[in-house]
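> Below is a structure I'd like to ask you about.
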Amino acid sequence: MARLLFFCVFLLALTSCKSEVRYEEADAVYRTGDDPRWVTPQYDDAGWKPERGPTGSQVFWVRNWVILAQRNPKIPLGLQVGTFGAFEVYWDGVLIGQNGELATRQRTEVPGTESSSYLVPDSLAKPGRHLVALRSTQAYLNHEERGTAIRLESYPRLLRAPLIVMSFMNLMAGAFLIAAIYYLFLFSSGSRKEPAILVFSIICLLFFALLIAEYIKFYVVIPYPRFYLRLEVIGWLTFAISLLVPLYFAIQFGFKRKGLLTGLMLAVLIGIYLINFNHYDLTAMRLSYAMWLASVAVVAAATVQQARGGGVVLAGLLASAVVNYFLVYDFGLFICFTLIVLCMLYLHAIRVRAMENERQAALLLSSRLKLELLKKNIQPHFIKNTLTSMLDWVEEAPKEGAVFIQALAREFDILNDMAEATLIPVGQEIELCRHHLQVMEFRKEIGYELQTTGIDPTDLMPPAIFHTVLENGITHSLPPLDGRIVFKLHFEHRGRHKRYTLLTCARNRPESGNGKPSTGFHYIEARLRESFGSNWEFCSEAVPEGWLTTINIGPAA
Amino acid sequence: MKILIVEDEARIARRLERMTHDYFGPQLASLSSCESLPTALHALTTAAPDLLLLDLNLNGQDGFDLLKSVAAGAFHTIIISAYTDKAITAFAYGVLDFVPKPFTEERLAQAFARLTAATPARKPESALQFLAVKKQGSLSLIDIKDIRYIKGAGIYAELHLQNGKKELHDKSLEKLAQLLPGSFKRIHKSYLVPIAQAEKIIVQEGSSYQLLLKNGELIPIGRSRYKELRSKMG
């Protein structure tokens, strides 16, 4: 944020720095051909044309008259020329530099670069009327009759200005490169592959590339035939960013129709590209407007739905629009982008915090469930009643009492073994259930039987699920007339779906009603959620045969 | 002696039955067992027992309402429970004893012995605090601090409260005397008075004694109980 603020101050400083050199310039005039007299200020160019006209590979001259009104005589004067071609630059008839090499009969043209700067000799830089004459050829991009732009400025400033802009832009670019790499690592090392992280990393990388592409012109000499290549690259980078930014917001705010949004956005962007074909800066501008509008639409919708961070991001987007409105510099766009990326970073921070909280909650839940499992057999109702019955068996029938003690010990062993696990083989669970039923037989003096069909003993389920269902079955069933209660556990496996049914064949207690007996059910549901997320269904209901519990595992149909 | 056992664990119910038989022998007029709350409530309303042996946690249902309801009954209640932390609550509502599971024959016999004791066990943590009273079909709790005195009325007891109101309790004066803390004195065969309410003893002609309460009310003192009371009031 501080960096951004500093940057804004810097921009304001730039706009307030008025040039020390004041001058007026006349329109450039052109003439095809080559004549040594055309270089001199004395030559009358009244018949020259304001347009260049097709020149082919011929030499042509450009004459620009400037009236230098005022400058600081202690600082050297500089001349900046912006045009296509290879040319020699003459100031009042004196050669002050050249850009590329003109085509001659013997050799082909060495193309110059679009923008070049020259030092004007002090002796010639007196206030008054001066002639800037260019002797040029333009062997490439013949159809492009690019005008000639002349700028007078103090020479040190001409050299320094791009350095200052670049230093800030590189600073930004570096930050985005680091962010791109960091989030890429985060994505590839994360246990949960969050698509938003990858998209964010790509956006940062694209944004880094965009900044580099935009300002590469200051430190790489691009021959003018390649001038549009850079703009093309900038266009496609802008295109990709414009597509991804609204998608990122859509992912972060959990929009359902991300595919539709992306498709629509793609269509709009391609439309803009086609309509504004070959208008590079305009295309980039309109692409980013489309991106901004789509992002605002997504974020506004999220804000209406009171999504976390929606308001802040919306404010950021609106601020970027304000910045863009007041700054007509070409880096206004980059400030907009930076603001948007900052918004995204903010959203990401919120998301990371939420995820951390979720993870903590999950850990907490797991340890709570572990405790609950261990408590099952030391809670007073179970242990005291078991011990009382055991005392009675030991006093009245010591042999059976010993069997009872063994069964209880075995149940404790199994529970202890599975206490740490979140998933255990069903075979182990069934063994636990059988020992529990044996213990309960001694207590309740009812014959309990567990019948299993279709069981895959290696299938994994959370611990003590069926144990809990059995406990409920025992508690909520009336004592049977024939002294026997049968539990039927059945397993079906169809494709990705698994189904367990546990039927308690007994008369239900009237006081438990037809509603769900809730004892232990929250434990079962929490365990299923812990291991299977939302891919499960749990149903427990009264049926004519007794009580039926169904657990479906697998993606929702 | 008619005894009702309410216990959902079959083995424990049989253990209780056997031990009750062994303790009371021929004194036992009837002994029945229920394994669920609805059947128990039905049995209590149709044929009220003299003693109820109650498991406080029946099939996972909270026993608090049940506790209030049985405490208001005419019979004594002995709680047999796995939840030892409920003992203080149970005593506060006026149960005769709280037998924690697992229990031995000796511990149960000790509880049964309280049936014949005139006064409660002197344990501050097992002090009765509330008397549950049936009133127009609902139950209300009366703090024993609000009681001015209790007057026996046949199989019932009249609770005379400090606010001047009068409530009828289903338990007899004898049974209440077994439950109420030592601060309640039996000054007459028909009167129980909290010692804090007594002002002074008034001796009348013909050596009949009366107790003057702090509100000015006079209550007769039994001849046989005068000496003990006088020593207590010092």
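As shown in the structure tokens, the chain order sets the letters A, B, ...; within each chain, residues go from 1, and ligands are also counted from 1 in the order they appear.
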Pull out every residue of chain A that has at least one atom within 7 Å of chain B, counting only C-alpha atoms, and report them as a PyMOL selection string.
chain A and resi 380-381+384-385+387-389+392+443-445+475
> Write to file, as a tab-separated table (two decimals), in the first residue's frame, the residues of the selection just made, with C-alpha atoms.

chain	number	residue	atom	x	y	z
A	380	PRO	CA	-21.13	-43.67	34.00
A	381	HIS	CA	-24.22	-45.17	32.41
A	384	LYS	CA	-21.35	-48.46	36.27
A	385	ASN	CA	-24.20	-50.57	34.97
A	387	LEU	CA	-19.77	-53.21	36.68
A	388	THR	CA	-22.96	-53.73	38.72
A	389	SER	CA	-24.07	-56.55	36.44
A	392	ASP	CA	-23.75	-59.81	40.32
A	443	ARG	CA	-26.38	-57.00	31.37
A	444	LYS	CA	-29.80	-57.14	29.76
A	445	GLU	CA	-30.23	-60.94	29.78
A	475	THR	CA	-31.70	-48.68	24.34
> DSSP says alpha helix (DSSP H) for which residues of stretch 38-153 of chain B? Put them as a VMD selection string?
chain B and resid 38 to 46 64 to 71 87 to 92 105 to 113
> For the residues selected in the previous step, produce a file with N, CA and C atoms as an mmCIF file, in the first residue's frame.

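The resulting out-v6.cif:
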data_model
loop_
_atom_site.group_PDB
_atom_site.id
_atom_site.type_symbol
_atom_site.label_atom_id
_atom_site.label_comp_id
_atom_site.auth_asym_id
_atom_site.auth_seq_id
_atom_site.Cartn_x
_atom_site.Cartn_y
_atom_site.Cartn_z
ATOM 1 N N PRO B 38 -42.750 -45.200 31.461
ATOM 2 C CA PRO B 38 -44.222 -45.192 31.407
ATOM 3 C C PRO B 38 -44.845 -46.265 32.296
ATOM 4 N N THR B 39 -44.268 -47.475 32.278
ATOM 5 C CA THR B 39 -44.839 -48.533 33.116
ATOM 6 C C THR B 39 -44.662 -48.193 34.595
ATOM 7 N N ALA B 40 -43.538 -47.574 34.933
ATOM 8 C CA ALA B 40 -43.283 -47.199 36.320
ATOM 9 C C ALA B 40 -44.309 -46.178 36.801
ATOM 10 N N LEU B 41 -44.553 -45.139 35.966
ATOM 11 C CA LEU B 41 -45.513 -44.098 36.362
ATOM 12 C C LEU B 41 -46.906 -44.698 36.507
ATOM 13 N N HIS B 42 -47.219 -45.628 35.632
ATOM 14 C CA HIS B 42 -48.514 -46.291 35.718
ATOM 15 C C HIS B 42 -48.620 -47.055 37.037
ATOM 16 N N ALA B 43 -47.584 -47.807 37.363
ATOM 17 C CA ALA B 43 -47.587 -48.587 38.607
ATOM 18 C C ALA B 43 -47.694 -47.676 39.825
ATOM 19 N N LEU B 44 -47.039 -46.526 39.804
ATOM 20 C CA LEU B 44 -47.054 -45.609 40.951
ATOM 21 C C LEU B 44 -48.444 -45.041 41.185
ATOM 22 N N THR B 45 -49.194 -44.772 40.104
ATOM 23 C CA THR B 45 -50.523 -44.182 40.279
ATOM 24 C C THR B 45 -51.568 -45.232 40.637
ATOM 25 N N THR B 46 -51.410 -46.467 40.114
ATOM 26 C CA THR B 46 -52.434 -47.487 40.383
ATOM 27 C C THR B 46 -52.246 -48.124 41.754
ATOM 28 N N PHE B 64 -34.663 -35.857 36.144
ATOM 29 C CA PHE B 64 -34.893 -34.742 37.060
ATOM 30 C C PHE B 64 -36.383 -34.539 37.380
ATOM 31 N N ASP B 65 -37.207 -34.520 36.312
ATOM 32 C CA ASP B 65 -38.653 -34.366 36.529
ATOM 33 C C ASP B 65 -39.206 -35.541 37.328
ATOM 34 N N LEU B 66 -38.682 -36.706 36.980
ATOM 35 C CA LEU B 66 -39.109 -37.911 37.688
ATOM 36 C C LEU B 66 -38.769 -37.804 39.168
ATOM 37 N N LEU B 67 -37.578 -37.279 39.436
ATOM 38 C CA LEU B 67 -37.110 -37.133 40.808
ATOM 39 C C LEU B 67 -38.054 -36.243 41.618
ATOM 40 N N LYS B 68 -38.438 -35.103 41.062
ATOM 41 C CA LYS B 68 -39.370 -34.180 41.741
ATOM 42 C C LYS B 68 -40.685 -34.879 42.015
ATOM 43 N N SER B 69 -41.141 -35.611 40.990
ATOM 44 C CA SER B 69 -42.457 -36.241 41.086
ATOM 45 C C SER B 69 -42.462 -37.337 42.152
ATOM 46 N N VAL B 70 -41.385 -38.155 42.200
ATOM 47 C CA VAL B 70 -41.385 -39.210 43.221
ATOM 48 C C VAL B 70 -41.165 -38.619 44.621
ATOM 49 N N ALA B 71 -40.420 -37.500 44.696
ATOM 50 C CA ALA B 71 -40.165 -36.887 46.009
ATOM 51 C C ALA B 71 -41.453 -36.337 46.616
ATOM 52 N N ALA B 87 -26.092 -37.335 43.289
ATOM 53 C CA ALA B 87 -26.493 -37.680 44.657
ATOM 54 C C ALA B 87 -26.970 -36.466 45.440
ATOM 55 N N ILE B 88 -26.212 -35.366 45.368
ATOM 56 C CA ILE B 88 -26.557 -34.179 46.157
ATOM 57 C C ILE B 88 -27.916 -33.641 45.737
ATOM 58 N N THR B 89 -28.144 -33.621 44.419
ATOM 59 C CA THR B 89 -29.445 -33.174 43.917
ATOM 60 C C THR B 89 -30.551 -34.087 44.454
ATOM 61 N N ALA B 90 -30.295 -35.370 44.370
ATOM 62 C CA ALA B 90 -31.327 -36.318 44.810
ATOM 63 C C ALA B 90 -31.673 -36.098 46.284
ATOM 64 N N PHE B 91 -30.628 -35.936 47.107
ATOM 65 C CA PHE B 91 -30.878 -35.692 48.537
ATOM 66 C C PHE B 91 -31.605 -34.371 48.744
ATOM 67 N N ALA B 92 -31.243 -33.358 47.986
ATOM 68 C CA ALA B 92 -31.855 -32.049 48.140
ATOM 69 C C ALA B 92 -33.358 -32.114 47.913
ATOM 70 N N GLU B 105 -24.505 -55.888 48.673
ATOM 71 C CA GLU B 105 -25.680 -56.197 49.492
ATOM 72 C C GLU B 105 -25.662 -55.349 50.765
ATOM 73 N N GLU B 106 -24.461 -55.143 51.332
ATOM 74 C CA GLU B 106 -24.320 -54.365 52.573
ATOM 75 C C GLU B 106 -24.795 -52.928 52.375
ATOM 76 N N ARG B 107 -24.385 -52.341 51.243
ATOM 77 C CA ARG B 107 -24.745 -50.944 50.997
ATOM 78 C C ARG B 107 -26.248 -50.800 50.828
ATOM 79 N N LEU B 108 -26.864 -51.777 50.163
ATOM 80 C CA LEU B 108 -28.316 -51.728 49.973
ATOM 81 C C LEU B 108 -29.029 -51.903 51.322
ATOM 82 N N ALA B 109 -28.499 -52.802 52.143
ATOM 83 C CA ALA B 109 -29.094 -53.043 53.470
ATOM 84 C C ALA B 109 -29.030 -51.766 54.312
ATOM 85 N N GLN B 110 -27.929 -51.063 54.192
ATOM 86 C CA GLN B 110 -27.757 -49.794 54.911
ATOM 87 C C GLN B 110 -28.856 -48.802 54.495
ATOM 88 N N ALA B 111 -29.147 -48.791 53.217
ATOM 89 C CA ALA B 111 -30.201 -47.903 52.724
ATOM 90 C C ALA B 111 -31.556 -48.328 53.278
ATOM 91 N N PHE B 112 -31.791 -49.638 53.266
ATOM 92 C CA PHE B 112 -33.071 -50.144 53.789
ATOM 93 C C PHE B 112 -33.210 -49.817 55.271
ATOM 94 N N ALA B 113 -32.080 -49.842 56.005
ATOM 95 C CA ALA B 113 -32.112 -49.591 57.440
ATOM 96 C C ALA B 113 -32.615 -48.186 57.761
#
> Taking only chain B into account, list the residues labelled strand (DSSP E) by DSSP (computed from the backbone), as JSON, numbers by chain.
{"B": [2, 3, 4, 5, 6, 30, 31, 32, 33, 34, 51, 52, 53, 54, 55, 76, 77, 78, 79, 80, 81, 97, 98, 99, 100, 130, 131, 132, 133, 134, 135, 138, 139, 140, 141, 142, 143, 147, 148, 149, 150, 151, 152, 153, 156, 157, 158, 159, 160, 161, 166, 167, 168, 169, 184, 185, 186, 187, 188, 191, 192, 193, 194, 198, 199, 200, 201, 202, 203, 204, 208, 209, 210, 211, 212, 213, 218, 219, 220, 221]}
> Export C-alpha atoms of the chosen residues as a PDB file, in the first residue's frame?

ATOM      1  CA  LYS B   2     -44.833 -52.965  49.257  1.00  0.00           C
ATOM      2  CA  ILE B   3     -41.773 -52.282  47.140  1.00  0.00           C
ATOM      3  CA  LEU B   4     -41.476 -51.192  43.504  1.00  0.00           C
ATOM      4  CA  ILE B   5     -38.199 -51.517  41.604  1.00  0.00           C
ATOM      5  CA  VAL B   6     -37.663 -49.357  38.504  1.00  0.00           C
ATOM      6  CA  SER B  30     -45.346 -57.350  47.418  1.00  0.00           C
ATOM      7  CA  LEU B  31     -42.348 -56.751  45.136  1.00  0.00           C
ATOM      8  CA  SER B  32     -42.685 -55.699  41.505  1.00  0.00           C
ATOM      9  CA  SER B  33     -40.284 -54.493  38.820  1.00  0.00           C
ATOM     10  CA  CYS B  34     -40.654 -52.081  35.902  1.00  0.00           C
ATOM     11  CA  LEU B  51     -40.765 -47.861  48.984  1.00  0.00           C
ATOM     12  CA  LEU B  52     -39.497 -47.094  45.519  1.00  0.00           C
ATOM     13  CA  LEU B  53     -36.076 -48.265  44.291  1.00  0.00           C
ATOM     14  CA  LEU B  54     -35.361 -46.052  41.301  1.00  0.00           C
ATOM     15  CA  ASP B  55     -32.663 -46.032  38.623  1.00  0.00           C
ATOM     16  CA  HIS B  76     -39.901 -43.202  50.403  1.00  0.00           C
ATOM     17  CA  THR B  77     -37.537 -43.360  47.480  1.00  0.00           C
ATOM     18  CA  ILE B  78     -34.074 -44.897  47.307  1.00  0.00           C
ATOM     19  CA  ILE B  79     -32.139 -43.923  44.201  1.00  0.00           C
ATOM     20  CA  ILE B  80     -29.893 -46.561  42.632  1.00  0.00           C
ATOM     21  CA  SER B  81     -27.795 -44.768  40.049  1.00  0.00           C
ATOM     22  CA  ASP B  97     -30.855 -42.662  50.257  1.00  0.00           C
ATOM     23  CA  PHE B  98     -28.699 -42.631  47.161  1.00  0.00           C
ATOM     24  CA  VAL B  99     -26.997 -45.930  46.372  1.00  0.00           C
ATOM     25  CA  PRO B 100     -24.267 -45.577  43.765  1.00  0.00           C
ATOM     26  CA  PHE B 130     -36.707 -28.689  49.028  1.00  0.00           C
ATOM     27  CA  LEU B 131     -40.034 -30.312  49.597  1.00  0.00           C
ATOM     28  CA  ALA B 132     -41.899 -31.120  46.423  1.00  0.00           C
ATOM     29  CA  VAL B 133     -45.627 -30.556  46.798  1.00  0.00           C
ATOM     30  CA  LYS B 134     -48.369 -31.646  44.437  1.00  0.00           C
ATOM     31  CA  LYS B 135     -50.653 -28.743  43.662  1.00  0.00           C
ATOM     32  CA  SER B 138     -48.441 -29.728  38.990  1.00  0.00           C
ATOM     33  CA  LEU B 139     -45.434 -29.847  41.254  1.00  0.00           C
ATOM     34  CA  SER B 140     -44.015 -26.956  43.204  1.00  0.00           C
ATOM     35  CA  LEU B 141     -40.865 -26.887  45.267  1.00  0.00           C
ATOM     36  CA  ILE B 142     -40.843 -25.406  48.723  1.00  0.00           C
ATOM     37  CA  ASP B 143     -37.560 -24.334  50.223  1.00  0.00           C
ATOM     38  CA  ILE B 147     -41.187 -23.464  56.650  1.00  0.00           C
ATOM     39  CA  ARG B 148     -42.471 -22.195  60.022  1.00  0.00           C
ATOM     40  CA  TYR B 149     -43.582 -25.585  61.260  1.00  0.00           C
ATOM     41  CA  ILE B 150     -45.049 -28.858  60.037  1.00  0.00           C
ATOM     42  CA  LYS B 151     -48.175 -30.374  61.496  1.00  0.00           C
ATOM     43  CA  GLY B 152     -49.121 -33.998  61.091  1.00  0.00           C
ATOM     44  CA  ALA B 153     -52.550 -34.610  59.580  1.00  0.00           C
ATOM     45  CA  TYR B 156     -50.453 -36.266  55.253  1.00  0.00           C
ATOM     46  CA  ALA B 157     -48.475 -33.384  56.687  1.00  0.00           C
ATOM     47  CA  GLU B 158     -49.428 -29.703  56.696  1.00  0.00           C
ATOM     48  CA  LEU B 159     -46.564 -27.387  55.848  1.00  0.00           C
ATOM     49  CA  HIS B 160     -47.124 -24.010  57.557  1.00  0.00           C
ATOM     50  CA  LEU B 161     -45.047 -21.466  55.742  1.00  0.00           C
ATOM     51  CA  LYS B 166     -50.384 -23.734  54.133  1.00  0.00           C
ATOM     52  CA  GLU B 167     -49.402 -26.633  51.836  1.00  0.00           C
ATOM     53  CA  LEU B 168     -50.258 -30.294  52.069  1.00  0.00           C
ATOM     54  CA  HIS B 169     -47.510 -32.874  51.624  1.00  0.00           C
ATOM     55  CA  PHE B 184     -36.129 -29.655  62.525  1.00  0.00           C
ATOM     56  CA  LYS B 185     -37.227 -30.845  65.988  1.00  0.00           C
ATOM     57  CA  ARG B 186     -40.078 -33.170  66.750  1.00  0.00           C
ATOM     58  CA  ILE B 187     -41.599 -31.263  69.707  1.00  0.00           C
ATOM     59  CA  HIS B 188     -44.870 -33.160  69.720  1.00  0.00           C
ATOM     60  CA  TYR B 191     -45.464 -31.164  65.249  1.00  0.00           C
ATOM     61  CA  LEU B 192     -42.071 -30.646  63.611  1.00  0.00           C
ATOM     62  CA  VAL B 193     -40.482 -27.224  64.140  1.00  0.00           C
ATOM     63  CA  PRO B 194     -37.279 -25.776  62.752  1.00  0.00           C
ATOM     64  CA  ALA B 198     -38.611 -21.136  68.207  1.00  0.00           C
ATOM     65  CA  GLU B 199     -38.654 -18.077  70.554  1.00  0.00           C
ATOM     66  CA  LYS B 200     -39.068 -19.645  73.976  1.00  0.00           C
ATOM     67  CA  ILE B 201     -40.753 -22.378  75.989  1.00  0.00           C
ATOM     68  CA  ILE B 202     -43.745 -21.352  77.994  1.00  0.00           C
ATOM     69  CA  VAL B 203     -44.677 -23.433  81.027  1.00  0.00           C
ATOM     70  CA  GLN B 204     -48.350 -23.385  81.834  1.00  0.00           C
ATOM     71  CA  SER B 208     -48.204 -28.416  80.233  1.00  0.00           C
ATOM     72  CA  TYR B 209     -45.655 -26.881  77.901  1.00  0.00           C
ATOM     73  CA  GLN B 210     -45.981 -24.701  74.861  1.00  0.00           C
ATOM     74  CA  LEU B 211     -43.493 -23.349  72.365  1.00  0.00           C
ATOM     75  CA  LEU B 212     -43.748 -19.695  71.451  1.00  0.00           C
ATOM     76  CA  LEU B 213     -42.710 -19.142  67.873  1.00  0.00           C
ATOM     77  CA  LEU B 218     -48.117 -21.141  70.305  1.00  0.00           C
ATOM     78  CA  ILE B 219     -47.478 -24.830  69.616  1.00  0.00           C
ATOM     79  CA  PRO B 220     -47.935 -27.636  72.146  1.00  0.00           C
ATOM     80  CA  ILE B 221     -44.871 -29.511  73.366  1.00  0.00           C
TER      81      ILE B 221
END
> What is the distance between atom CA of A:Pro121 and atom CA of A:Tyr155, in Å to one decimal?
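Pair atom CA of A:Pro121 / atom CA of A:Tyr155 returns 10.7 Å.
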> How many Å separate atom CA of A:Tyr90 from atom CA of A:Leu163?
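Computing it gives 26.6 Å between the two atoms.
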> For stretch 211-227 of chain A, list every protein, DNA or RNA residue within 7 Å, evaluated using only C-alpha atoms, and leave out those in the same chain fewer than 5 positions away; present the list as a ChimeraX atom specification.
/A:84-85,111-114,140-141,162,166,169,173,234
> With C-alpha atoms kept, could you save the residues just selected as a PDB file, in the first residue's frame?

ATOM      1  CA  PHE A  84       9.697   5.092 -38.527  1.00  0.00           C
ATOM      2  CA  GLY A  85      12.634   4.561 -40.803  1.00  0.00           C
ATOM      3  CA  PRO A 111      16.299   0.152 -39.608  1.00  0.00           C
ATOM      4  CA  GLY A 112      16.336   2.720 -36.817  1.00  0.00           C
ATOM      5  CA  THR A 113      14.184   2.630 -33.723  1.00  0.00           C
ATOM      6  CA  GLU A 114      10.906   4.491 -33.254  1.00  0.00           C
ATOM      7  CA  TYR A 140      10.049  -1.691 -44.299  1.00  0.00           C
ATOM      8  CA  LEU A 141       6.385  -1.269 -43.374  1.00  0.00           C
ATOM      9  CA  PRO A 162      12.574   6.786 -18.870  1.00  0.00           C
ATOM     10  CA  MET A 166      11.303   2.230 -15.394  1.00  0.00           C
ATOM     11  CA  MET A 169       7.675  -0.093 -13.120  1.00  0.00           C
ATOM     12  CA  ALA A 173       7.079  -5.981 -11.957  1.00  0.00           C
ATOM     13  CA  ILE A 234       0.867  -6.295 -24.875  1.00  0.00           C
TER      14      ILE A 234
END
> Between atom CA of A:Arg146 and atom CA of A:Leu102, what distance in Å does the model show, to one decimal?
17.0 Å
> Output as CSV one row per residue of stretch 207-233 of chain A within 12 Å of stretch 335-350 of chain A: the closest atom pair and its distance in Å to one decimal place, counting only C-alpha atoms, sorted by chain and residue number ascending.

residue,atom,partner,partner_atom,distance
A:Phe207,CA,A:Phe337,CA,8.1
A:Phe208,CA,A:Thr338,CA,10.6
A:Leu210,CA,A:Phe337,CA,10.4
A:Leu211,CA,A:Phe337,CA,10.3
> I'd like the neighbourhood of stretch 351-365 of chain A as a tab-separated table (two decimals) with N, CA and C atoms, in the first residue's frame, where a residue qualifies if any of its atoms comes within 8 Å (using only C-alpha atoms), though same-chain residues fewer than 4 positions away should be ignored.

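Wrote part_38.tsv, looks like this:
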chain	number	residue	atom	x	y	z
A	252	GLN	N	-13.24	-16.75	-6.27
A	252	GLN	CA	-13.08	-16.36	-4.87
A	252	GLN	C	-14.42	-16.11	-4.20
A	347	LEU	N	-8.30	-10.24	-1.05
A	347	LEU	CA	-9.27	-11.33	-1.04
A	347	LEU	C	-8.59	-12.64	-0.68
A	369	LEU	N	-13.94	-35.70	18.57
A	369	LEU	CA	-14.56	-36.98	18.24
A	369	LEU	C	-13.77	-38.14	18.85
A	530	GLU	N	-16.44	-35.73	8.78
A	530	GLU	CA	-14.99	-35.65	8.92
A	530	GLU	C	-14.29	-36.44	7.81
> Compile the contact shell of stretch 413-416 of chain A as a PyMOL selection string: residues with an atom at most 12 Å away, counting only C-alpha atoms, same-chain residues fewer than 4 positions apart removed.
chain A and resi 370-378+406-409+420-421+424-425+427-436+463-465+467
> Based on the selection just made, write C-alpha atoms of those residues as a tab-separated table (two decimals), in the first residue's frame.

chain	number	residue	atom	x	y	z
A	370	LYS	CA	-11.59	-39.01	19.44
A	371	LEU	CA	-12.45	-38.04	23.00
A	372	GLU	CA	-16.08	-38.84	22.45
A	373	LEU	CA	-15.14	-42.29	21.20
A	374	LEU	CA	-12.96	-42.96	24.24
A	375	LYS	CA	-15.67	-41.63	26.56
A	376	LYS	CA	-18.20	-44.07	25.15
A	377	ASN	CA	-17.09	-46.81	27.48
A	378	ILE	CA	-16.18	-44.82	30.54
A	406	GLN	CA	-13.20	-61.17	29.09
A	407	ALA	CA	-15.80	-59.75	26.67
A	408	LEU	CA	-15.59	-56.34	28.30
A	409	ALA	CA	-11.79	-56.39	28.24
A	420	GLU	CA	-6.65	-42.70	17.08
A	421	ALA	CA	-7.99	-43.60	13.63
A	424	ILE	CA	-11.03	-48.34	10.32
A	425	PRO	CA	-11.75	-51.58	8.44
A	427	GLY	CA	-14.16	-56.08	9.93
A	428	GLN	CA	-12.70	-54.50	13.06
A	429	GLU	CA	-15.90	-52.55	13.66
A	430	ILE	CA	-17.96	-55.74	13.44
A	431	GLU	CA	-15.67	-57.42	15.95
A	432	LEU	CA	-16.21	-54.47	18.29
A	433	CYS	CA	-19.96	-54.78	17.82
A	434	ARG	CA	-19.96	-58.52	18.61
A	435	HIS	CA	-18.06	-57.98	21.86
A	436	HIS	CA	-20.34	-55.13	22.79
A	463	PRO	CA	-14.85	-45.97	14.08
A	464	ALA	CA	-17.78	-46.89	16.32
A	465	ILE	CA	-20.46	-45.93	13.77
A	467	HIS	CA	-21.44	-49.60	17.52
